[in-house]
Structures are given as C-alpha cells and as structure tokens.
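Text of the file target.cif, holding mmCIF, C-alpha atoms and all ligand atoms:
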data_coords
loop_
_atom_site.label_atom_id
_atom_site.label_comp_id
_atom_site.auth_asym_id
_atom_site.auth_seq_id
_atom_site.Cartn_x
_atom_site.Cartn_y
_atom_site.Cartn_z
CA MET A 1 24.94 14.13 -79.34
CA SER A 2 24.56 13.50 -83.04
CA SER A 3 21.95 15.56 -84.90
CA LYS A 4 21.86 12.89 -87.62
CA ARG A 5 20.38 10.16 -85.45
CA THR A 6 16.74 9.28 -86.03
CA SER A 7 16.56 7.05 -82.94
CA PRO A 8 18.23 7.72 -79.62
CA THR A 9 21.00 5.90 -77.80
CA ILE A 10 19.80 5.14 -74.30
CA VAL A 11 22.09 3.92 -71.53
CA ILE A 12 20.51 1.88 -68.75
CA THR A 13 22.94 1.63 -65.88
CA GLY A 14 23.10 0.86 -62.16
CA THR A 15 24.60 -1.60 -59.70
CA PRO A 16 24.34 -5.27 -60.75
CA GLY A 17 20.90 -6.62 -59.86
CA VAL A 18 18.99 -3.31 -59.98
CA GLY A 19 16.99 -4.41 -63.01
CA LYS A 20 18.84 -3.08 -66.06
CA SER A 21 18.27 -6.08 -68.34
CA THR A 22 14.66 -6.46 -67.22
CA HIS A 23 14.04 -2.79 -68.08
CA ALA A 24 15.98 -2.94 -71.34
CA GLN A 25 14.02 -5.98 -72.56
CA LEU A 26 10.65 -4.40 -71.83
CA LEU A 27 11.72 -1.06 -73.28
CA ALA A 28 12.90 -2.74 -76.50
CA GLN A 29 9.42 -4.29 -76.80
CA GLU A 30 7.44 -1.16 -76.02
CA ALA A 31 9.50 1.58 -77.64
CA PRO A 32 7.88 3.47 -80.54
CA VAL A 33 11.11 3.01 -82.56
CA PRO A 34 13.21 -0.14 -83.03
CA LEU A 35 15.79 -0.28 -80.25
CA LYS A 36 18.49 -2.93 -80.13
CA HIS A 37 19.24 -4.10 -76.61
CA ILE A 38 22.94 -4.60 -76.04
CA ASN A 39 23.88 -6.28 -72.80
CA VAL A 40 27.45 -4.98 -72.69
CA GLY A 41 28.62 -7.63 -70.21
CA ASP A 42 27.43 -10.40 -72.55
CA LEU A 43 29.02 -8.65 -75.55
CA VAL A 44 32.36 -8.50 -73.72
CA LYS A 45 32.24 -12.27 -73.20
CA GLU A 46 30.97 -13.17 -76.67
CA LYS A 47 33.51 -11.04 -78.54
CA ASN A 48 36.44 -11.59 -76.16
CA LEU A 49 36.64 -7.88 -75.32
CA TYR A 50 38.49 -8.55 -72.07
CA GLU A 51 42.02 -8.82 -70.78
CA ARG A 52 41.42 -11.56 -68.23
CA TYR A 53 38.84 -13.31 -66.09
CA ASP A 54 39.17 -12.80 -62.35
CA GLU A 55 38.18 -16.08 -60.65
CA ASP A 56 38.02 -14.55 -57.17
CA TRP A 57 35.55 -11.86 -58.18
CA GLN A 58 33.94 -13.91 -60.94
CA SER A 59 34.25 -10.99 -63.30
CA TYR A 60 35.93 -10.00 -66.55
CA GLU A 61 38.52 -7.22 -66.77
CA VAL A 62 37.31 -5.35 -69.81
CA ASP A 63 39.61 -4.24 -72.63
CA GLU A 64 38.13 -0.74 -72.87
CA ASP A 65 39.69 0.14 -76.23
CA LYS A 66 38.34 -3.01 -77.84
CA LEU A 67 34.92 -2.45 -76.33
CA LEU A 68 34.77 1.16 -77.54
CA ASP A 69 35.83 0.12 -81.05
CA GLU A 70 33.13 -2.55 -81.10
CA LEU A 71 30.39 -0.22 -79.89
CA GLU A 72 31.33 2.93 -81.82
CA PRO A 73 29.46 2.23 -85.08
CA ILE A 74 26.40 0.85 -83.27
CA ALA A 75 26.05 3.44 -80.53
CA SER A 76 26.84 6.46 -82.65
CA ALA A 77 24.15 5.40 -85.17
CA GLY A 78 21.45 5.37 -82.45
CA GLY A 79 18.50 3.03 -82.00
CA VAL A 80 20.24 1.21 -79.21
CA ILE A 81 19.97 0.49 -75.49
CA LEU A 82 23.34 0.04 -73.78
CA ASP A 83 22.81 -2.06 -70.65
CA TRP A 84 25.84 -2.03 -68.33
CA HIS A 85 26.77 -1.56 -64.69
CA THR A 86 28.99 1.40 -65.50
CA CYS A 87 28.56 4.25 -67.97
CA GLU A 88 31.48 6.67 -67.78
CA LEU A 89 33.31 4.92 -70.61
CA PHE A 90 30.66 5.90 -73.15
CA PRO A 91 31.47 9.21 -74.90
CA GLU A 92 28.91 11.97 -74.42
CA ARG A 93 28.39 12.24 -78.17
CA TRP A 94 26.88 8.71 -78.21
CA VAL A 95 24.41 9.25 -75.45
CA ASP A 96 20.93 10.85 -75.50
CA LEU A 97 19.61 9.53 -72.18
CA VAL A 98 21.17 7.82 -69.16
CA VAL A 99 18.75 5.96 -66.90
CA VAL A 100 20.30 5.14 -63.53
CA LEU A 101 18.25 2.47 -61.78
CA ARG A 102 18.25 2.36 -57.99
CA CYS A 103 17.14 -0.28 -55.52
CA ASP A 104 16.79 -0.62 -51.78
CA HIS A 105 20.00 -2.32 -50.63
CA SER A 106 18.37 -5.15 -48.68
CA LYS A 107 16.27 -6.06 -51.72
CA LEU A 108 19.37 -5.83 -53.89
CA TRP A 109 21.22 -8.16 -51.50
CA GLU A 110 18.48 -10.79 -51.92
CA ARG A 111 18.61 -10.49 -55.71
CA LEU A 112 22.39 -10.90 -55.75
CA GLU A 113 22.29 -13.89 -53.37
CA THR A 114 20.13 -15.75 -55.88
CA ARG A 115 22.93 -15.29 -58.44
CA ASN A 116 25.35 -17.22 -56.22
CA TYR A 117 27.88 -14.39 -56.28
CA PRO A 118 30.78 -14.70 -53.82
CA LEU A 119 29.95 -12.92 -50.55
CA LYS A 120 32.57 -10.20 -51.11
CA LYS A 121 31.04 -9.42 -54.50
CA ILE A 122 27.58 -9.09 -52.95
CA GLN A 123 29.04 -6.84 -50.24
CA GLU A 124 30.93 -4.68 -52.72
CA ASN A 125 27.87 -4.19 -54.92
CA ASN A 126 25.65 -3.51 -51.94
CA GLU A 127 28.01 -0.84 -50.64
CA ALA A 128 28.26 0.69 -54.10
CA GLU A 129 24.47 0.98 -54.22
CA ILE A 130 24.33 2.60 -50.77
CA MET A 131 27.10 5.04 -51.73
CA GLU A 132 25.37 5.89 -55.04
CA VAL A 133 28.53 5.10 -56.98
CA VAL A 134 26.89 4.64 -60.40
CA LEU A 135 24.65 7.67 -59.95
CA GLU A 136 27.66 9.85 -59.11
CA GLU A 137 29.52 8.43 -62.07
CA ALA A 138 26.63 9.28 -64.40
CA ARG A 139 26.31 12.78 -62.96
CA SER A 140 30.00 13.48 -63.38
CA SER A 141 30.12 12.10 -66.94
CA TYR A 142 27.05 13.71 -68.57
CA VAL A 143 25.11 16.97 -68.42
CA PRO A 144 22.28 16.91 -65.82
CA GLU A 145 19.47 17.05 -68.44
CA VAL A 146 20.56 13.68 -69.80
CA VAL A 147 20.63 11.76 -66.50
CA VAL A 148 17.52 10.38 -64.83
CA GLU A 149 17.44 8.36 -61.60
CA LEU A 150 14.58 5.84 -61.28
CA ARG A 151 13.62 3.32 -58.56
CA SER A 152 13.44 -0.34 -59.56
CA GLU A 153 11.99 -2.28 -56.65
CA GLY A 154 8.72 -3.77 -57.89
CA THR A 155 6.82 -4.53 -61.06
CA GLU A 156 4.91 -1.22 -60.80
CA ASP A 157 8.26 0.60 -60.92
CA LEU A 158 9.31 -1.39 -63.97
CA GLU A 159 6.11 -0.55 -65.82
CA SER A 160 6.05 3.12 -64.91
CA ASN A 161 9.76 3.56 -65.67
CA VAL A 162 9.39 1.99 -69.10
CA SER A 163 6.29 4.12 -69.85
CA ARG A 164 8.23 7.20 -68.83
CA VAL A 165 11.12 6.38 -71.15
CA VAL A 166 8.67 5.61 -73.98
CA GLU A 167 7.19 9.12 -73.52
CA TRP A 168 10.71 10.55 -73.45
CA ILE A 169 11.49 8.78 -76.77
CA LYS A 170 8.36 10.25 -78.38
CA ALA A 171 9.38 13.74 -77.26
CA TRP A 172 12.96 13.16 -78.44
CA GLN A 173 11.66 12.09 -81.85
CA ALA A 174 9.35 15.07 -82.14
CA ASP A 175 12.27 17.41 -81.33
CA HIS A 176 14.54 15.60 -83.68
CA THR A 177 12.06 15.65 -86.55
CA SER A 178 11.32 19.36 -86.18
CA ASP A 179 15.11 20.05 -86.02
CA SER A 180 15.70 18.20 -89.28
CA GLU A 181 12.79 19.95 -90.99
CA GLU A 182 14.21 23.33 -90.00
CA SER A 183 17.74 22.56 -91.18
N1 LIG B 1 11.50 -3.40 -60.86
C1 LIG B 1 11.59 -4.72 -60.62
N2 LIG B 1 10.51 -5.39 -60.15
C2 LIG B 1 10.58 -6.70 -59.90
N3 LIG B 1 11.70 -7.47 -60.07
C3 LIG B 1 12.78 -6.86 -60.54
C4 LIG B 1 12.79 -5.47 -60.84
N4 LIG B 1 14.02 -5.13 -61.27
C5 LIG B 1 14.74 -6.27 -61.26
N5 LIG B 1 14.00 -7.30 -60.81
C6 LIG B 1 14.47 -8.69 -60.66
O1 LIG B 1 15.78 -8.64 -60.13
C7 LIG B 1 16.63 -9.57 -60.76
C8 LIG B 1 17.80 -8.85 -61.39
O2 LIG B 1 17.33 -8.09 -62.49
P1 LIG B 1 18.23 -7.83 -63.78
O3 LIG B 1 17.37 -7.11 -64.75
O4 LIG B 1 18.90 -9.09 -64.22
O5 LIG B 1 19.33 -6.84 -63.16
P2 LIG B 1 20.66 -6.23 -63.82
O6 LIG B 1 20.51 -6.35 -65.32
O7 LIG B 1 20.67 -4.82 -63.34
O8 LIG B 1 21.80 -7.01 -63.25
C9 LIG B 1 15.77 -10.34 -61.75
O9 LIG B 1 15.32 -11.53 -61.15
C10 LIG B 1 14.60 -9.40 -62.00
O10 LIG B 1 13.43 -10.09 -62.33
#

Transcribe the structure of this file into structure tokens.
Amino acid sequence: MSSKRTSPTIVITGTPGVGKSTHAQLLAQEAPVPLKHINVGDLVKEKNLYERYDEDWQSYEVDEDKLLDELEPIASAGGVILDWHTCELFPERWVDLVVVLRCDHSKLWERLETRNYPLKKIQENNEAEIMEVVLEEARSSYVPEVVVELRSEGTEDLESNVSRVVEWIKAWQADHTSDSEES
C-alpha cells in the first residue's frame, strides 16, 4: 500500500452478476473523493488486452502482462475502483480495500439468464458462487483487514454497502492525512 496516495484504490470483485458494476457506479457518484470506475472486462476489450476470444464460453482470455502494464500507473496512483470478477492478479501494493460481493445462487442464476450466457457458463458461475471461489481468492491474496464480504441481493443492500464504503473512505482519508502531517 502506497503512503503517497491521497485517494484509495478499491477493488470490487465477485462472481459475474453479483452487482459489481452497479455498486461501482453508485460508489463513484457518492464517494467523498473523485474515484474513477474501471470496468476491467471492458478495458480488456477496448484496449485489446487479450490473447483470444473463446466462442464456446463467450469470454476473453486475458493477456495478464498487458493488463498489468495498462493498470499500473492508474491503480498505483489511487482514486480508482477496479471492477472485475477476479482480483488475485492485482498486486497488494495497489490495493487499499477489496469488496467481495456475494449473492444467493438462485438469484444469481436469474440475473445470468437475462444476459443470455450459455448454460454451461451460468452453471460454472453459479457453482463458483456456491463454492465461494472469489472470496477464497481474495482471502488468500490480501491481508484480512483489507477484505470485506458484503451481500448484494436487493436495493437496500446496494445502498447500505455503498454507504459503508463511503464511511470507510472517510476513515481512510483521515488516517492518511494524519500520517502525512506526522511525516
Ligand atoms: N444489490 C442489488 N440489488 C438489486 N439489483 C442488483 C443488485 N446487484 C446487482 N443487481 C442487478 O443484477 C444485475 C447484474 O448486476 P451487475 O452490476 O451488472 O453485476 P456484475 O458487474 O457483478 O456482473 C443488474 O441487472 C443489476 O441491476
């Protein structure tokens, strides 16, 4: 974690369909500091940061080195929300908070069906949610204090989660400011 940052880098992660982009958009609006929302999946497509497109799974195989090079200056500077379905690629030094969103699997199934994903992709994502794959990944990649697991099933969850992260940002800023004054 960089002591030079004046705004945090926040990762919002979780199985596809849990509500990452919805949360990231609202958080970018409500945050007390400017936060740039980066939908990493969209960035991969826009900047051709992939090796190939898999038709069967309707997904891109990411070129991890290219993606890391693209994100390095942005994420290490702070003031950013990284929205992606995986998080272990991001170096610890970039990351101040990792929000892992969770959703009941039957609700998640309905959300993914509306995206017209192939059945096997819906099944794979649903199983990953049940098995807590992204949560385990976050817990094994970052120190426990940085990782928070939040439910994302209804609008009340969305609002309370975003308020909670806004409060966390205020506390982070207060800590950061007092650190810089002392040094
Ligand atoms: N907490 C929530 N309350 C109500 N609807 C939600 C919530 N989280 C996600 N959704 C809905 O689920 C769908 C998928 O959300 P999205 O943010 O695109 O997920 P992700 O970015 O994780 O793939 C959207 O239609 C969104 O409106």

Residue contacts of segment 128-141 of chain A (8 Å, only C-alpha atoms) excluding same-chain residues fewer than 6 positions away, as a list in words: Thr13, Gly14, Thr15, His85, Thr86, Cys87, Glu88, Glu92, Val98, Val100, Arg102, Cys103, His105, Val147 and Glu149 of chain A

Long-range neighbours of Leu82 of chain A as a ChimeraX atom specification, 12 Å cut-off, all atoms listed in the file, 5 positions minimum in chain: /A:8-14,20-21,23-25,27-28,35-43,71-72,74-76,87,89-90,94-100

For those residues, write C-alpha atoms to a file as a PDB file, in the coordinates of the input.
ATOM      1  CA  PRO A   8      18.230   7.720 -79.620  1.00  0.00           C
ATOM      2  CA  THR A   9      21.000   5.900 -77.800  1.00  0.00           C
ATOM      3  CA  ILE A  10      19.800   5.140 -74.300  1.00  0.00           C
ATOM      4  CA  VAL A  11      22.090   3.920 -71.530  1.00  0.00           C
ATOM      5  CA  ILE A  12      20.510   1.880 -68.750  1.00  0.00           C
ATOM      6  CA  THR A  13      22.940   1.630 -65.880  1.00  0.00           C
ATOM      7  CA  GLY A  14      23.100   0.860 -62.160  1.00  0.00           C
ATOM      8  CA  LYS A  20      18.840  -3.080 -66.060  1.00  0.00           C
ATOM      9  CA  SER A  21      18.270  -6.080 -68.340  1.00  0.00           C
ATOM     10  CA  HIS A  23      14.040  -2.790 -68.080  1.00  0.00           C
ATOM     11  CA  ALA A  24      15.980  -2.940 -71.340  1.00  0.00           C
ATOM     12  CA  GLN A  25      14.020  -5.980 -72.560  1.00  0.00           C
ATOM     13  CA  LEU A  27      11.720  -1.060 -73.280  1.00  0.00           C
ATOM     14  CA  ALA A  28      12.900  -2.740 -76.500  1.00  0.00           C
ATOM     15  CA  LEU A  35      15.790  -0.280 -80.250  1.00  0.00           C
ATOM     16  CA  LYS A  36      18.490  -2.930 -80.130  1.00  0.00           C
ATOM     17  CA  HIS A  37      19.240  -4.100 -76.610  1.00  0.00           C
ATOM     18  CA  ILE A  38      22.940  -4.600 -76.040  1.00  0.00           C
ATOM     19  CA  ASN A  39      23.880  -6.280 -72.800  1.00  0.00           C
ATOM     20  CA  VAL A  40      27.450  -4.980 -72.690  1.00  0.00           C
ATOM     21  CA  GLY A  41      28.620  -7.630 -70.210  1.00  0.00           C
ATOM     22  CA  ASP A  42      27.430 -10.400 -72.550  1.00  0.00           C
ATOM     23  CA  LEU A  43      29.020  -8.650 -75.550  1.00  0.00           C
ATOM     24  CA  LEU A  71      30.390  -0.220 -79.890  1.00  0.00           C
ATOM     25  CA  GLU A  72      31.330   2.930 -81.820  1.00  0.00           C
ATOM     26  CA  ILE A  74      26.400   0.850 -83.270  1.00  0.00           C
ATOM     27  CA  ALA A  75      26.050   3.440 -80.530  1.00  0.00           C
ATOM     28  CA  SER A  76      26.840   6.460 -82.650  1.00  0.00           C
ATOM     29  CA  CYS A  87      28.560   4.250 -67.970  1.00  0.00           C
ATOM     30  CA  LEU A  89      33.310   4.920 -70.610  1.00  0.00           C
ATOM     31  CA  PHE A  90      30.660   5.900 -73.150  1.00  0.00           C
ATOM     32  CA  TRP A  94      26.880   8.710 -78.210  1.00  0.00           C
ATOM     33  CA  VAL A  95      24.410   9.250 -75.450  1.00  0.00           C
ATOM     34  CA  ASP A  96      20.930  10.850 -75.500  1.00  0.00           C
ATOM     35  CA  LEU A  97      19.610   9.530 -72.180  1.00  0.00           C
ATOM     36  CA  VAL A  98      21.170   7.820 -69.160  1.00  0.00           C
ATOM     37  CA  VAL A  99      18.750   5.960 -66.900  1.00  0.00           C
ATOM     38  CA  VAL A 100      20.300   5.140 -63.530  1.00  0.00           C
TER      39      VAL A 100
END

Proximity of chain A to ligand LIG 1 (chain B): per-residue shortest pair, 6 Å limit, all atoms listed in the file, as JSON lines:
{"residue": "A:Pro16", "atom": "CA", "partner": "B:LIG1", "partner_atom": "O8", "distance": 4.0}
{"residue": "A:Gly17", "atom": "CA", "partner": "B:LIG1", "partner_atom": "O8", "distance": 3.5}
{"residue": "A:Val18", "atom": "CA", "partner": "B:LIG1", "partner_atom": "O7", "distance": 4.0}
{"residue": "A:Gly19", "atom": "CA", "partner": "B:LIG1", "partner_atom": "O3", "distance": 3.2}
{"residue": "A:Lys20", "atom": "CA", "partner": "B:LIG1", "partner_atom": "O7", "distance": 3.7}
{"residue": "A:Ser21", "atom": "CA", "partner": "B:LIG1", "partner_atom": "O6", "distance": 3.8}
{"residue": "A:Thr22", "atom": "CA", "partner": "B:LIG1", "partner_atom": "O3", "distance": 3.7}
{"residue": "A:Arg111", "atom": "CA", "partner": "B:LIG1", "partner_atom": "C7", "distance": 5.5}
{"residue": "A:Ser152", "atom": "CA", "partner": "B:LIG1", "partner_atom": "N1", "distance": 3.8}
{"residue": "A:Glu153", "atom": "CA", "partner": "B:LIG1", "partner_atom": "N1", "distance": 4.4}
{"residue": "A:Gly154", "atom": "CA", "partner": "B:LIG1", "partner_atom": "N2", "distance": 3.3}
{"residue": "A:Thr155", "atom": "CA", "partner": "B:LIG1", "partner_atom": "N2", "distance": 3.9}
{"residue": "A:Asp157", "atom": "CA", "partner": "B:LIG1", "partner_atom": "N1", "distance": 5.1}
{"residue": "A:Leu158", "atom": "CA", "partner": "B:LIG1", "partner_atom": "N1", "distance": 4.3}

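Taking atom CA of Glu145 of chain A as the reference point, atom CA of Val33 of chain A is found at 21.6 Å.
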
Using only C-alpha atoms: which of A:Thr114, A:Ser163, A:Arg5, A:Lys120 has the shortest distance to Gly79 of chain A: A:Arg5

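Atom CA of Lys66 of chain A is positioned 25.7 Å from atom CA of Val146 of chain A.
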
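Atom CA of Ile81 of chain A lies 25.5 Å from atom CA of Trp109 of chain A.
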
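Residue nearest Gly78 of chain A within the list A:Ile169, A:Ala174, A:Val162, A:Val148: A:Ile169 [criterion: smallest interatomic distance, only C-alpha atoms].
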
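For the residues A:Ser106, A:Gln173, A:Gln58, A:Asn161, ranking by smallest atom-to-atom distance to Lys121 of chain A using only C-alpha atoms places A:Gln58 first.
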
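All residues of protein, DNA or RNA that reach within 9 Å of Tyr50 of chain A, judged by only C-alpha atoms and not counting those fewer than 3 positions away in the chain, are Val44, Lys45, Lys47, Tyr53, Tyr60, Glu61, Val62, Asp63, Glu64, Lys66 and Leu67 of chain A.
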
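Distances here use all atoms listed in the file; by that measure, the residue among A:Tyr142, A:Trp57, A:His176, A:Val166 closest to Asn116 of chain A is A:Trp57.
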
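Distances here use all atoms listed in the file; by that measure, the residue among A:Ala171, A:Lys4, A:Arg164, A:Arg115 closest to Ala77 of chain A is A:Lys4.
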
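Distances to Asp56 of chain A were evaluated for A:Ser160, A:Asp104, A:Pro118, A:Glu124 using all atoms listed in the file, and the minimum falls at A:Pro118.
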